[in-house]
Each structure stands twice: as structure tokens, then as C-alpha cells.
>>> print(open('input-v1.txt').read())   # compact mmCIF, C-alpha atoms
# COMPACT_ATOMS: atom_id res chain seq x y z
CA MET A 170 62.03 -1.78 35.85
CA SER A 171 58.75 -0.35 37.10
CA THR A 172 56.02 0.83 34.76
CA ALA A 173 54.57 4.28 35.26
CA TYR A 174 50.94 4.25 36.36
CA VAL A 175 48.60 5.83 33.87
CA PRO A 176 45.31 6.96 35.42
CA SER A 177 42.03 6.16 33.70
CA PRO A 178 40.09 9.07 32.23
CA ASP A 179 37.69 9.11 35.19
CA GLU A 180 40.58 9.01 37.67
CA ALA A 181 42.37 11.75 35.78
CA LYS A 182 39.23 13.87 36.08
CA PRO A 183 37.91 13.39 39.62
CA LYS A 184 35.02 15.76 38.92
CA ALA A 185 33.84 13.67 35.96
CA PRO A 186 31.03 11.85 37.84
CA LEU A 187 29.60 15.16 39.10
CA ARG A 188 29.91 16.75 35.67
CA ALA A 189 28.26 13.70 34.14
CA LEU A 190 25.37 13.90 36.61
CA ILE A 191 24.77 17.59 36.00
CA SER A 192 25.15 17.57 32.23
CA ILE A 193 23.25 14.36 31.50
CA ALA A 194 20.45 15.35 33.89
CA LEU A 195 20.23 18.71 32.10
CA ALA A 196 20.22 17.01 28.70
CA TRP A 197 17.34 14.82 29.89
CA ALA A 198 15.57 17.88 31.34
CA PHE A 199 15.75 19.83 28.10
CA ASP A 200 14.77 16.71 26.14
CA ALA A 201 11.72 16.39 28.42
CA MET A 202 10.96 20.09 28.01
CA ASP A 203 10.97 19.76 24.24
CA PHE A 204 8.73 16.70 24.46
CA SER A 205 6.34 18.18 27.05
CA ILE A 206 5.62 21.48 25.30
CA LEU A 207 3.43 19.54 22.87
CA THR A 208 1.08 18.54 25.71
CA PHE A 209 0.30 22.21 26.38
CA VAL A 210 -0.82 22.88 22.81
CA ILE A 211 -2.98 19.83 22.03
CA LEU A 212 -6.09 22.04 21.90
CA ASP A 213 -4.30 24.43 19.52
CA ILE A 214 -3.42 21.51 17.25
CA MET A 215 -7.06 20.40 17.31
CA LYS A 216 -8.23 23.90 16.39
CA ASP A 217 -5.62 24.82 13.77
CA TYR A 218 -5.57 21.46 11.97
CA HIS A 219 -9.24 20.53 12.55
CA VAL A 220 -8.57 17.15 14.19
CA ALA A 221 -10.18 15.33 17.14
CA LEU A 222 -8.57 14.91 20.56
CA THR A 223 -7.46 11.32 19.92
CA LEU A 224 -5.81 12.29 16.62
CA ALA A 225 -4.12 15.33 18.17
CA ALA A 226 -2.86 13.16 21.05
CA SER A 227 -1.55 10.65 18.52
CA VAL A 228 1.26 13.10 17.67
CA SER A 229 2.67 12.57 21.15
CA SER A 230 2.05 8.83 20.84
CA ALA A 231 3.82 8.68 17.46
CA THR A 232 6.76 10.52 18.97
CA THR A 233 6.87 8.01 21.78
CA PHE A 234 6.74 5.07 19.36
CA ALA A 235 9.65 6.61 17.46
CA ARG A 236 11.61 6.71 20.71
CA LEU A 237 11.68 2.90 20.59
CA GLY A 238 13.53 3.00 17.28
CA GLY A 239 15.81 5.71 18.61
CA GLY A 240 16.49 3.78 21.79
CA PHE A 241 17.40 0.65 19.86
CA LEU A 242 19.55 2.38 17.24
CA GLY A 243 21.10 4.76 19.76
CA GLY A 244 21.85 1.84 22.06
CA LEU A 245 23.62 -0.04 19.28
CA LEU A 246 25.60 3.07 18.40
CA SER A 247 26.51 3.71 22.03
CA ASP A 248 27.63 0.12 22.67
CA ALA A 249 29.64 0.09 19.44
CA LYS A 250 31.13 3.59 19.19
CA GLY A 251 30.96 4.95 22.74
CA ARG A 252 28.53 6.66 25.08
CA LYS A 253 29.86 10.17 24.54
CA PHE A 254 29.68 10.30 20.73
CA SER A 255 26.20 8.81 20.65
CA LEU A 256 24.98 11.17 23.38
CA ILE A 257 26.19 14.33 21.62
CA PHE A 258 24.83 13.20 18.25
CA SER A 259 21.42 12.42 19.82
CA ILE A 260 21.12 15.82 21.52
CA ILE A 261 21.90 17.68 18.31
CA TRP A 262 19.43 15.49 16.38
CA PHE A 263 16.43 16.09 18.65
CA SER A 264 17.23 19.81 18.98
CA VAL A 265 17.14 20.27 15.21
CA PHE A 266 13.76 18.58 14.87
CA GLU A 267 12.41 20.45 17.88
CA CYS A 268 13.15 23.67 16.01
CA LEU A 269 11.58 22.30 12.82
CA THR A 270 8.39 21.51 14.77
CA GLY A 271 7.72 25.23 14.85
CA PHE A 272 7.73 25.31 11.04
CA SER A 273 5.10 22.57 10.74
CA LEU A 274 2.27 24.20 8.83
CA GLY A 275 0.11 21.11 8.45
CA PHE A 276 -0.83 18.13 10.58
CA THR A 277 0.97 15.58 8.39
CA LEU A 278 4.21 17.57 8.45
CA LEU A 279 3.89 18.00 12.22
CA MET A 280 3.55 14.23 12.62
CA ILE A 281 6.62 13.50 10.45
CA VAL A 282 8.82 16.04 12.25
CA ARG A 283 7.81 14.78 15.70
CA ILE A 284 8.52 11.17 14.70
CA LEU A 285 12.03 12.20 13.65
CA TYR A 286 12.36 14.14 16.89
CA GLY A 287 11.40 10.99 18.80
CA LEU A 288 14.33 9.07 17.29
CA GLY A 289 16.75 11.53 18.88
CA MET A 290 14.93 11.55 22.20
CA GLY A 291 15.12 7.76 22.43
CA SER A 292 18.76 7.70 21.46
CA MET A 293 19.67 10.34 24.05
CA TYR A 294 18.32 8.22 26.91
CA ALA A 295 19.94 5.05 25.59
CA SER A 296 23.34 6.77 25.55
CA GLY A 297 23.23 9.12 28.52
CA THR A 298 21.69 6.98 31.25
CA PRO A 299 24.12 4.03 30.96
CA MET A 300 27.01 6.49 30.75
CA LEU A 301 25.98 8.11 34.04
CA MET A 302 25.33 4.81 35.83
CA GLU A 303 28.77 3.57 34.77
CA MET A 304 30.51 6.68 36.08
CA ILE A 305 28.78 6.89 39.47
CA PRO A 306 30.03 4.81 42.47
CA ALA A 307 27.69 1.91 43.30
CA ARG A 308 26.74 3.27 46.72
CA TRP A 309 25.34 6.45 45.14
CA ARG A 310 23.74 4.92 42.05
CA GLY A 311 20.18 5.06 43.40
CA PHE A 312 20.57 8.69 44.49
CA ALA A 313 22.07 9.61 41.10
CA SER A 314 19.20 7.74 39.43
CA GLY A 315 16.68 9.89 41.29
CA LEU A 316 18.49 13.10 40.44
CA LEU A 317 18.72 12.09 36.79
CA GLN A 318 15.07 11.17 36.60
CA SER A 319 14.09 14.45 38.28
CA GLY A 320 15.34 16.03 35.07
CA PHE A 321 12.09 15.00 33.39
CA SER A 322 10.11 16.93 36.01
CA PHE A 323 12.41 19.92 35.61
CA GLY A 324 11.78 19.65 31.88
CA TYR A 325 8.02 19.70 32.37
CA ILE A 326 8.41 22.77 34.62
CA PHE A 327 10.57 24.47 32.00
CA ALA A 328 7.87 23.69 29.43
CA ALA A 329 5.20 25.16 31.71
CA LEU A 330 7.28 28.32 32.16
CA VAL A 331 7.88 28.67 28.42
CA TYR A 332 4.15 28.21 27.86
CA ARG A 333 3.23 30.72 30.54
CA LEU A 334 5.74 33.39 29.47
CA TRP A 335 5.48 33.29 25.69
CA TYR A 336 2.37 31.41 24.55
CA SER A 337 -0.03 34.38 24.78
CA HIS A 338 2.39 36.75 23.06
CA LEU A 339 4.08 34.61 20.42
CA GLY A 340 1.70 31.73 19.71
CA TRP A 341 2.32 28.02 19.99
CA HIS A 342 4.72 27.62 17.03
CA ALA A 343 7.28 29.97 18.57
CA LEU A 344 7.52 27.86 21.73
CA PHE A 345 9.44 25.21 19.78
CA PHE A 346 11.95 27.76 18.45
CA ILE A 347 12.74 28.81 22.02
CA ALA A 348 12.92 25.27 23.38
CA CYS A 349 15.56 23.97 20.98
CA ILE A 350 18.37 26.24 22.21
CA PRO A 351 19.35 25.02 25.72
CA ALA A 352 20.10 21.39 24.80
CA ILE A 353 22.60 22.49 22.15
CA LEU A 354 24.54 24.33 24.86
CA VAL A 355 24.58 21.17 26.99
CA ALA A 356 25.89 19.14 24.03
CA ILE A 357 28.78 21.59 23.68
CA PHE A 358 29.58 21.26 27.40
CA ILE A 359 29.53 17.45 27.20
CA ALA A 360 31.89 17.53 24.22
CA ILE A 361 34.36 19.69 26.13
CA ALA A 362 34.07 18.54 29.74
CA LEU A 363 33.16 14.83 29.86
CA PRO A 364 35.45 11.83 29.26
CA GLU A 365 34.23 8.60 27.72
CA SER A 366 32.93 5.94 30.14
CA GLU A 367 35.97 3.98 31.32
CA ARG A 368 33.77 0.98 32.06
CA TRP A 369 32.64 0.98 28.40
CA ARG A 370 36.26 1.18 27.24
CA GLU A 371 37.18 -1.86 29.32
CA ALA A 372 34.14 -3.89 28.24
CA ARG A 373 34.72 -2.97 24.61
CA THR A 374 38.28 -4.30 24.85
CA GLN A 375 37.23 -7.51 26.59
CA GLU A 376 34.17 -8.29 24.43
CA ARG A 377 35.20 -6.82 21.11
CA ASN A 378 33.26 -9.39 19.06
CA ALA A 379 30.06 -9.44 21.11
CA ILE A 380 26.81 -8.88 19.21
CA PRO A 381 24.65 -6.62 21.43
CA VAL A 382 21.22 -7.85 20.28
CA GLY A 383 22.09 -11.52 20.66
CA GLU A 384 23.74 -10.92 24.01
CA LEU A 385 20.47 -9.57 25.46
CA PHE A 386 19.12 -13.13 25.55
CA ALA A 387 22.34 -15.10 25.97
CA ARG A 388 23.92 -16.52 29.14
CA GLY A 389 20.68 -16.64 31.09
CA ARG A 390 19.80 -12.99 30.50
CA ALA A 391 16.44 -13.57 28.79
CA TRP A 392 14.37 -13.04 31.96
CA ASN A 393 16.36 -9.93 32.85
CA THR A 394 15.57 -8.45 29.44
CA VAL A 395 11.89 -9.42 29.51
CA HIS A 396 11.43 -8.20 33.08
CA ALA A 397 13.10 -4.87 32.28
CA ALA A 398 10.69 -4.35 29.38
CA ILE A 399 7.66 -5.19 31.54
CA VAL A 400 8.82 -2.81 34.29
CA ALA A 401 9.23 -0.03 31.73
CA ILE A 402 5.79 -0.64 30.18
CA ILE A 403 4.04 -0.48 33.55
CA ALA A 404 6.03 2.55 34.76
CA PHE A 405 5.09 4.50 31.64
CA SER A 406 1.47 3.40 32.07
CA VAL A 407 1.47 5.03 35.51
CA THR A 408 2.73 8.43 34.48
CA TYR A 409 2.00 9.06 30.81
CA PRO A 410 -1.77 9.47 31.12
CA ILE A 411 -0.92 12.19 33.67
CA ASN A 412 1.78 13.83 31.55
CA THR A 413 -0.29 13.69 28.37
CA PHE A 414 -3.72 14.75 29.59
CA TYR A 415 -3.54 16.64 32.88
CA ALA A 416 -3.01 20.02 31.22
CA THR A 417 -5.78 19.22 28.73
CA LEU A 418 -8.11 18.16 31.56
CA LEU A 419 -7.49 21.44 33.36
CA LYS A 420 -8.08 23.50 30.21
CA GLN A 421 -10.97 21.58 28.69
CA THR A 422 -12.93 20.35 31.73
CA GLY A 423 -11.83 22.85 34.36
CA HIS A 424 -11.76 25.83 31.98
CA PHE A 425 -8.82 27.27 33.89
CA SER A 426 -6.58 30.09 32.66
CA PRO A 427 -3.09 29.43 31.24
CA ALA A 428 -1.62 30.68 34.54
CA THR A 429 -3.65 28.19 36.62
CA VAL A 430 -2.83 25.35 34.23
CA ALA A 431 0.87 26.19 34.34
CA ASN A 432 0.89 26.55 38.13
CA THR A 433 -0.78 23.16 38.60
CA ILE A 434 1.67 21.45 36.27
CA ILE A 435 4.53 23.14 38.11
CA ILE A 436 3.21 21.79 41.44
CA LEU A 437 2.97 18.32 39.90
CA ASN A 438 6.56 18.41 38.74
CA VAL A 439 8.08 20.11 41.77
CA ALA A 440 6.59 17.19 43.68
CA GLY A 441 8.12 14.87 41.09
CA ILE A 442 11.54 16.38 41.70
CA VAL A 443 11.20 15.95 45.47
CA GLY A 444 9.94 12.40 45.00
CA ASN A 445 12.76 11.52 42.61
CA VAL A 446 15.50 12.82 44.89
CA LEU A 447 14.06 11.24 48.04
CA GLY A 448 13.08 8.04 46.21
CA GLY A 449 16.57 7.64 44.80
CA PHE A 450 18.10 8.21 48.24
CA VAL A 451 15.68 5.79 49.89
CA SER A 452 16.34 3.14 47.23
CA ASP A 453 20.00 3.07 48.33
CA TRP A 454 18.68 2.34 51.83
CA ILE A 455 15.66 0.01 51.54
CA GLY A 456 16.27 -1.18 47.97
CA ARG A 457 14.80 -0.67 44.51
CA LYS A 458 11.98 -3.18 45.00
CA TRP A 459 10.40 -1.66 48.09
CA THR A 460 10.81 1.87 46.81
CA LEU A 461 8.74 0.85 43.79
CA VAL A 462 6.12 -0.89 45.94
CA LEU A 463 5.63 1.99 48.40
CA SER A 464 5.51 4.56 45.59
CA ALA A 465 2.92 2.54 43.68
CA VAL A 466 0.69 2.31 46.75
CA GLY A 467 0.87 6.09 47.19
CA THR A 468 0.08 6.66 43.52
CA ALA A 469 -3.00 4.44 43.61
CA LEU A 470 -4.35 6.19 46.71
CA THR A 471 -3.93 9.70 45.26
CA SER A 472 -5.17 9.00 41.72
CA VAL A 473 -8.60 10.43 42.65
CA VAL A 474 -7.18 13.94 42.18
CA PHE A 475 -8.44 14.03 38.58
CA LEU A 476 -12.04 13.77 39.81
CA HIS A 477 -11.71 16.84 42.06
CA ILE A 478 -9.86 19.47 40.04
CA GLN A 479 -12.50 22.16 40.69
CA SER A 480 -11.52 22.37 44.37
CA ALA A 481 -8.34 24.47 44.42
CA GLY A 482 -7.08 23.24 47.81
CA TYR A 483 -7.85 19.58 47.12
CA ARG A 484 -6.39 19.84 43.62
CA ASP A 485 -3.11 21.39 44.77
CA ILE A 486 -2.56 18.98 47.68
CA PHE A 487 -3.34 15.81 45.76
CA THR A 488 -1.51 17.07 42.66
CA PHE A 489 1.58 17.35 44.82
CA LEU A 490 1.05 13.89 46.31
CA ILE A 491 0.49 12.09 43.02
CA GLY A 492 3.49 13.88 41.53
CA PHE A 493 5.59 12.85 44.53
CA PHE A 494 4.63 9.18 44.30
CA SER A 495 4.24 8.60 40.54
CA ILE A 496 6.45 11.01 38.61
CA GLY A 497 8.81 10.93 41.59
CA GLY A 498 8.85 7.71 43.58
CA VAL A 499 8.05 5.14 40.90
CA TRP A 500 10.44 6.69 38.39
CA SER A 501 13.24 7.54 40.83
CA VAL A 502 14.75 4.05 40.59
CA ILE A 503 14.08 3.28 36.91
CA PRO A 504 17.42 4.51 35.43
CA THR A 505 19.58 2.48 37.82
CA TYR A 506 17.08 -0.40 38.08
CA LEU A 507 17.16 -1.01 34.33
CA ALA A 508 20.93 -0.47 34.18
CA GLU A 509 21.36 -3.19 36.80
CA HIS A 510 19.50 -5.65 34.55
CA PHE A 511 22.31 -5.68 31.92
CA PRO A 512 26.10 -6.14 31.63
CA THR A 513 28.22 -3.24 30.37
CA ALA A 514 28.79 -4.65 26.87
CA VAL A 515 25.06 -4.51 26.07
CA ARG A 516 23.82 -1.99 28.64
CA SER A 517 22.95 0.80 26.21
CA THR A 518 21.23 -1.57 23.79
CA GLY A 519 19.36 -3.37 26.57
CA GLN A 520 18.40 -0.35 28.61
CA GLY A 521 17.61 1.82 25.60
CA THR A 522 15.47 -0.85 23.95
CA THR A 523 13.52 -2.05 27.00
CA TYR A 524 12.95 1.48 28.27
CA HIS A 525 11.52 2.53 24.94
CA ILE A 526 9.43 -0.59 24.56
CA GLY A 527 7.85 0.77 27.72
CA ALA A 528 7.56 4.18 26.12
CA ALA A 529 5.92 2.75 23.00
CA LEU A 530 3.39 0.50 24.75
CA GLY A 531 2.88 2.22 28.10
CA GLY A 532 3.65 5.76 27.00
CA ALA A 533 2.02 5.79 23.57
CA VAL A 534 -0.71 3.13 23.55
CA VAL A 535 -2.08 3.65 27.06
CA PRO A 536 -2.83 7.39 26.59
CA LEU A 537 -4.67 6.56 23.36
CA ILE A 538 -6.72 3.98 25.27
CA VAL A 539 -7.41 6.53 28.01
CA SER A 540 -8.70 9.10 25.52
CA SER A 541 -10.73 6.57 23.54
CA ILE A 542 -12.56 5.08 26.54
CA ALA A 543 -13.18 8.45 28.22
CA PRO A 544 -16.68 8.97 26.73
CA SER A 545 -17.85 5.54 27.94
CA VAL A 546 -16.55 5.77 31.53
CA GLY A 547 -17.73 9.24 32.49
CA GLY A 548 -15.11 11.47 30.92
CA LEU A 549 -11.37 12.03 30.79
CA ALA A 550 -11.05 12.45 34.56
CA HIS A 551 -12.51 8.99 35.21
CA SER A 552 -10.46 7.24 32.55
CA MET A 553 -7.26 8.84 33.90
CA THR A 554 -8.09 7.75 37.45
CA TYR A 555 -8.84 4.15 36.50
CA SER A 556 -5.76 3.73 34.30
CA VAL A 557 -3.33 5.21 36.83
CA ALA A 558 -4.74 3.13 39.70
CA ILE A 559 -4.63 -0.13 37.73
CA ALA A 560 -1.09 0.51 36.50
CA SER A 561 0.03 1.23 40.07
CA ILE A 562 -1.21 -2.16 41.22
CA LEU A 563 0.68 -3.81 38.37
CA VAL A 564 3.89 -2.03 39.44
CA ILE A 565 3.64 -3.77 42.82
CA VAL A 566 3.19 -7.18 41.23
CA VAL A 567 6.06 -6.77 38.74
CA ALA A 568 8.48 -5.37 41.34
CA LEU A 569 8.03 -8.47 43.49
CA LEU A 570 9.01 -10.75 40.59
CA TRP A 571 12.69 -9.75 40.43
CA ARG A 572 15.62 -9.81 42.83
CA GLU A 573 16.84 -6.83 44.81
CA SER A 574 19.78 -5.26 42.96
CA LYS A 575 20.73 -2.47 45.39
CA GLY A 576 24.48 -2.10 45.76
CA GLU A 577 25.40 -4.70 43.13
CA ALA A 578 28.54 -4.01 41.11
CA LEU A 579 27.75 -3.47 37.45
CA GLU A 580 29.06 -6.37 35.35
>>> encode(input="input-v1.txt", output="C-alpha cells")
Amino acid sequence: MSTAYVPSPDEAKPKAPLRALISIALAWAFDAMDFSILTFVILDIMKDYHVALTLAASVSSATTFARLGGGFLGGLLSDAKGRKFSLIFSIIWFSVFECLTGFSLGFTLLMIVRILYGLGMGSMYASGTPMLMEMIPARWRGFASGLLQSGFSFGYIFAALVYRLWYSHLGWHALFFIACIPAILVAIFIAIALPESERWREARTQERNAIPVGELFARGRAWNTVHAAIVAIIAFSVTYPINTFYATLLKQTGHFSPATVANTIIILNVAGIVGNVLGGFVSDWIGRKWTLVLSAVGTALTSVVFLHIQSAGYRDIFTFLIGFFSIGGVWSVIPTYLAEHFPTAVRSTGQGTTYHIGAALGGAVVPLIVSSIAPSVGGLAHSMTYSVAIASILVIVVALLWRESKGEALE
């Protein structure tokens, strides 16, 4: 007697990969928007709370450190209870604390709320990125990676638009009330429209007793885990000095209007979107390794933009180029590249933890170093240029130390 075939959830919903790409990319975009709004109001924080630049910037760094805890805890939750549940919980968490940021009436309270926000941000990436990589066919994983990562640039653009439209009329606190709404809508869509990752279901059945943390270093995976963390640290070191300080550089050193600041940041991130999409597509052709190498070379060559912001034409052209190569090219492969370092049973824990180790060290520590050495190297523009160029060279070195993983089936 034959047994009726029961389709998997993904087979039963042929549009699930597309829905996953759109919804998870949007979740990441709105997460990035919520995170990036803070970079537009660093000077306001300095003024209202009477703190120096390094202390004001430390709010962003503390948030980024908290993402490490969120990535680890969210990864454990995702590997144990499922990608979908952890993803929805994470989105709701960071949206709540984004709203509460607007109620922060003192610097200490602001710091506490943003640390709690960072936990949700880290958890969202640890849940959503593995879920998407597991639902996308291998031949399109690089392209999907680029589209997903372009969500961060869209988020920065959304932040710039929110800043441009409402900052002058409503003040900086109100920006956080506005920003918390869209992600909640995405969480509702995910709850209704997305199935659980079938690959996670299968791995959970086969490796029911696996301990995610121990498995990161078992069965010859130690170098994969260490290399993934190093890649993440260097990638964050390339882009976070730009994300954290470019708006401040334009406002403080260039003395440009909010419209000019917003327009420049929009150019940077439109270029990032183009670079992410093309970089992801190219990585499915020439591989992850050489996409990283070529993008790092382009970033190093265009890092001089920060020294020439007074020239409108030069600033706009080189802002586009550095956005294309750094925020775009370097980062286009990171979601799939890190996913390909780990087997399914520990992918969320491994990817979420190593990615946010990068966020903590490259994304939080490096910007603090950049701001602290600025007075001794000729100003913020010089320290940004040096740090981005050095990090780009390190990307090339680290990329050459690991195998090409293009087209590999996820374990």
C-alpha cells in the first residue's frame, strides 16, 4: 500500500523563499533604521546631556556590545525553539525599546534603554539571517545575501528621511517614536505568512541532543568559528567608523545643513544598496573570496573622501564609491559567507555569535578608537581615513585564509 506524499512547509508554500527574502530584509532594514537614527543626533545628545563626543558615541558602542549578548542568546533560542519564533520575539523586543528611547530624559537612562535595544537587534540577525539562507536555493544564496544586506543601507536611508522630515519640527526624541512602528508590522506579516525553516526542522530531529555552544568547536569546526569571528570583526571595522561618524563629520566639520547631511548619507546608502545587490550577484559568479578582495581594494582607494568633504562634486562622487565598495561590496557576501561556516544545527548560534563579536569589537571598539585618536592625527576626517584604509587591507588578508564556499550545500 502506497503512502501519500506530504509536502514540506516550504514545498507547500512555493512563495515562501520570496516572502522570507522580502520580510527578513525589511525587518533588517527597520532594525538598521532604528539603530542609525542615533548617529544623526549625537550632537543633540552632547548638548542636552552635557557630554563629550566620545561619551555620546559610546551610546552607539554600548548598543553594539549588547548586540553580542543578543546574538548569542537569540542564536541559542533560534537553534532550540525555531527561527520563526525567535525572529518575531526579537523584532517586538527591539521595537519596544526603540520607542522607549524617546522617553529617555537623562544620559544614564538613554544608555540603559539602548543596551536593552541592542539585545533585540542582535537576536533579530541571529534568527533571521540563518532562516533566509536555509530557505533560499544554493545557486541564489549570494544574491539573496546581497539583497538582505542592502536592508541595512535602506535602513540608513529611512533614518535620513525621518531625520530630514521630522527633526526640525518635532525634535530628536520624537524620531524614535516614529521609527518603532514599521518593524512591528513586519513581525505581524512574518507570523502570518512565513513557515518555519524546514532545514531547521530536519536538523532538530536528527541532532536533538546537540549542544550548540560545544558544537561550534567540535568535529574540526574550531577554525571555521574563529575565522568567521575574525571576518566579522574586520568587516565591521571597515564600515562602522563611516556609519557612526560621517553625519557628525558633515555637521561638525563641514557645518552643512540637515538637508545636505541627509542627502550625503542617502547617496552613501543608495550606493550601498547597488553594491550589495551587484556584490551578491557577482559572488555567485566569481565567489565570496574574490568579491571581498575586490571590494576591499575599492574601499581603500576611496577612503580619502573624508578629507575632501568641502568639495560638493568630489564629496558626492567618492561618497557613492566608498558606499558601493564598503557598505555594499564588502558586506554583500557576509550573511551567506558566515552561514556557510556552520552546519544547520548550530548555524544561528554560530552566525549570531561570531557576527556580533565583530559588532562588539569592530563596530563598537573601533569607532571609540577613531574618535579618541582624532585630535592627535589631524582631526576626525584623518582618523576615519586611516582606520577604513587599514581595515580594508586586513579584509584582503583574512579573505585569502579560508576556502571558497560558493555553491556549497548547507550541512
>>> residues_around(input="input-v1.txt", residues="range 503-519 of chain A", least_positions_apart="6", cutoff="9 Å", atoms="all atoms listed in the file", output="number ranges by chain")
A: 240-249, 252, 294-300, 302-303, 310-311, 313-315, 317-318, 368-369, 372-373, 375-377, 379-382, 384-385, 390, 393-394, 396-398, 400-401, 404, 457, 574-575, 577-580
>>> residues_around(input="input-v1.txt", residues="Ala528 in chain A", least_positions_apart="3", cutoff="8 Å", atoms="only C-alpha atoms", output="PDB file with C-alpha atoms, keeping the file's coordinate frame")
ATOM      1  CA  THR A 233       6.870   8.010  21.780  1.00  0.00           C
ATOM      2  CA  PHE A 234       6.740   5.070  19.360  1.00  0.00           C
ATOM      3  CA  ARG A 236      11.610   6.710  20.710  1.00  0.00           C
ATOM      4  CA  LEU A 237      11.680   2.900  20.590  1.00  0.00           C
ATOM      5  CA  ALA A 401       9.230  -0.030  31.730  1.00  0.00           C
ATOM      6  CA  ILE A 402       5.790  -0.640  30.180  1.00  0.00           C
ATOM      7  CA  PHE A 405       5.090   4.500  31.640  1.00  0.00           C
ATOM      8  CA  TYR A 524      12.950   1.480  28.270  1.00  0.00           C
ATOM      9  CA  HIS A 525      11.520   2.530  24.940  1.00  0.00           C
ATOM     10  CA  GLY A 531       2.880   2.220  28.100  1.00  0.00           C
ATOM     11  CA  GLY A 532       3.650   5.760  27.000  1.00  0.00           C
ATOM     12  CA  ALA A 533       2.020   5.790  23.570  1.00  0.00           C
TER      13      ALA A 533
END
>>> residues_around(input="input-v1.txt", residues="Met553 in chain A", least_positions_apart="2", cutoff="12 Å", atoms="only C-alpha atoms", output="ChimeraX atom specification")
/A:406-415,417-418,469,471-476,535-544,546-551,555-560
>>> atom_distance(input="input-v1.txt", atom1="CA of Phe204 in chain A", atom2="CA of Leu447 in chain A")
24.8 Å
>>> atom_distance(input="input-v1.txt", atom1="CA of Leu463 in chain A", atom2="CA of Ser205 in chain A")
26.8 Å
>>> residues_around(input="input-v1.txt", residues="Lys420 in chain A", least_positions_apart="5", cutoff="9 Å", atoms="all atoms listed in the file", output="short mmCIF file (atom, residue, chain, number, x, y, z; two decimals) with C-alpha atoms, keeping the file's coordinate frame")
data_model
loop_
_atom_site.label_atom_id
_atom_site.label_comp_id
_atom_site.auth_asym_id
_atom_site.auth_seq_id
_atom_site.Cartn_x
_atom_site.Cartn_y
_atom_site.Cartn_z
CA LEU A 212 -6.09 22.04 21.90
CA TYR A 415 -3.54 16.64 32.88
CA PHE A 425 -8.82 27.27 33.89
CA SER A 426 -6.58 30.09 32.66
CA PRO A 427 -3.09 29.43 31.24
CA VAL A 430 -2.83 25.35 34.23
#
>>> atom_distance(input="input-v1.txt", atom1="CA of Ala356 in chain A", atom2="CA of Val331 in chain A")
20.8 Å
>>> closest_residue(input="input-v1.txt", among="A:Ala198, A:Ala185, A:Ile191, A:Ile257", to="Glu367 in chain A", atoms="all atoms listed in the file")
A:Ala185
>>> closest_residue(input="input-v1.txt", among="A:Leu570, A:Ala189, A:Ala226, A:Ile260", to="Ala362 in chain A", atoms="only C-alpha atoms")
A:Ala189
>>> closest_residue(input="input-v1.txt", among="A:Trp571, A:Phe323, A:Phe487, A:Phe209", to="Gly340 in chain A", atoms="all atoms listed in the file")
A:Phe209
>>> closest_residue(input="input-v1.txt", among="A:Ala431, A:Ala194, A:Ser273, A:Ala201", to="Tyr332 in chain A", atoms="only C-alpha atoms")
A:Ala431
>>> axis_aligned_box(input="input-v1.txt", around="range 224-242 of chain A", padding_each_side="4 Å", output="JSON")
{"center_x": 6.9, "center_y": 8.0, "center_z": 19.2, "size_x": 33.4, "size_y": 22.7, "size_z": 13.2}
>>> closest_residue(input="input-v1.txt", among="A:Ser259, A:Glu267, A:Val499, A:Ile193", to="Val282 in chain A", atoms="all atoms listed in the file")
A:Glu267
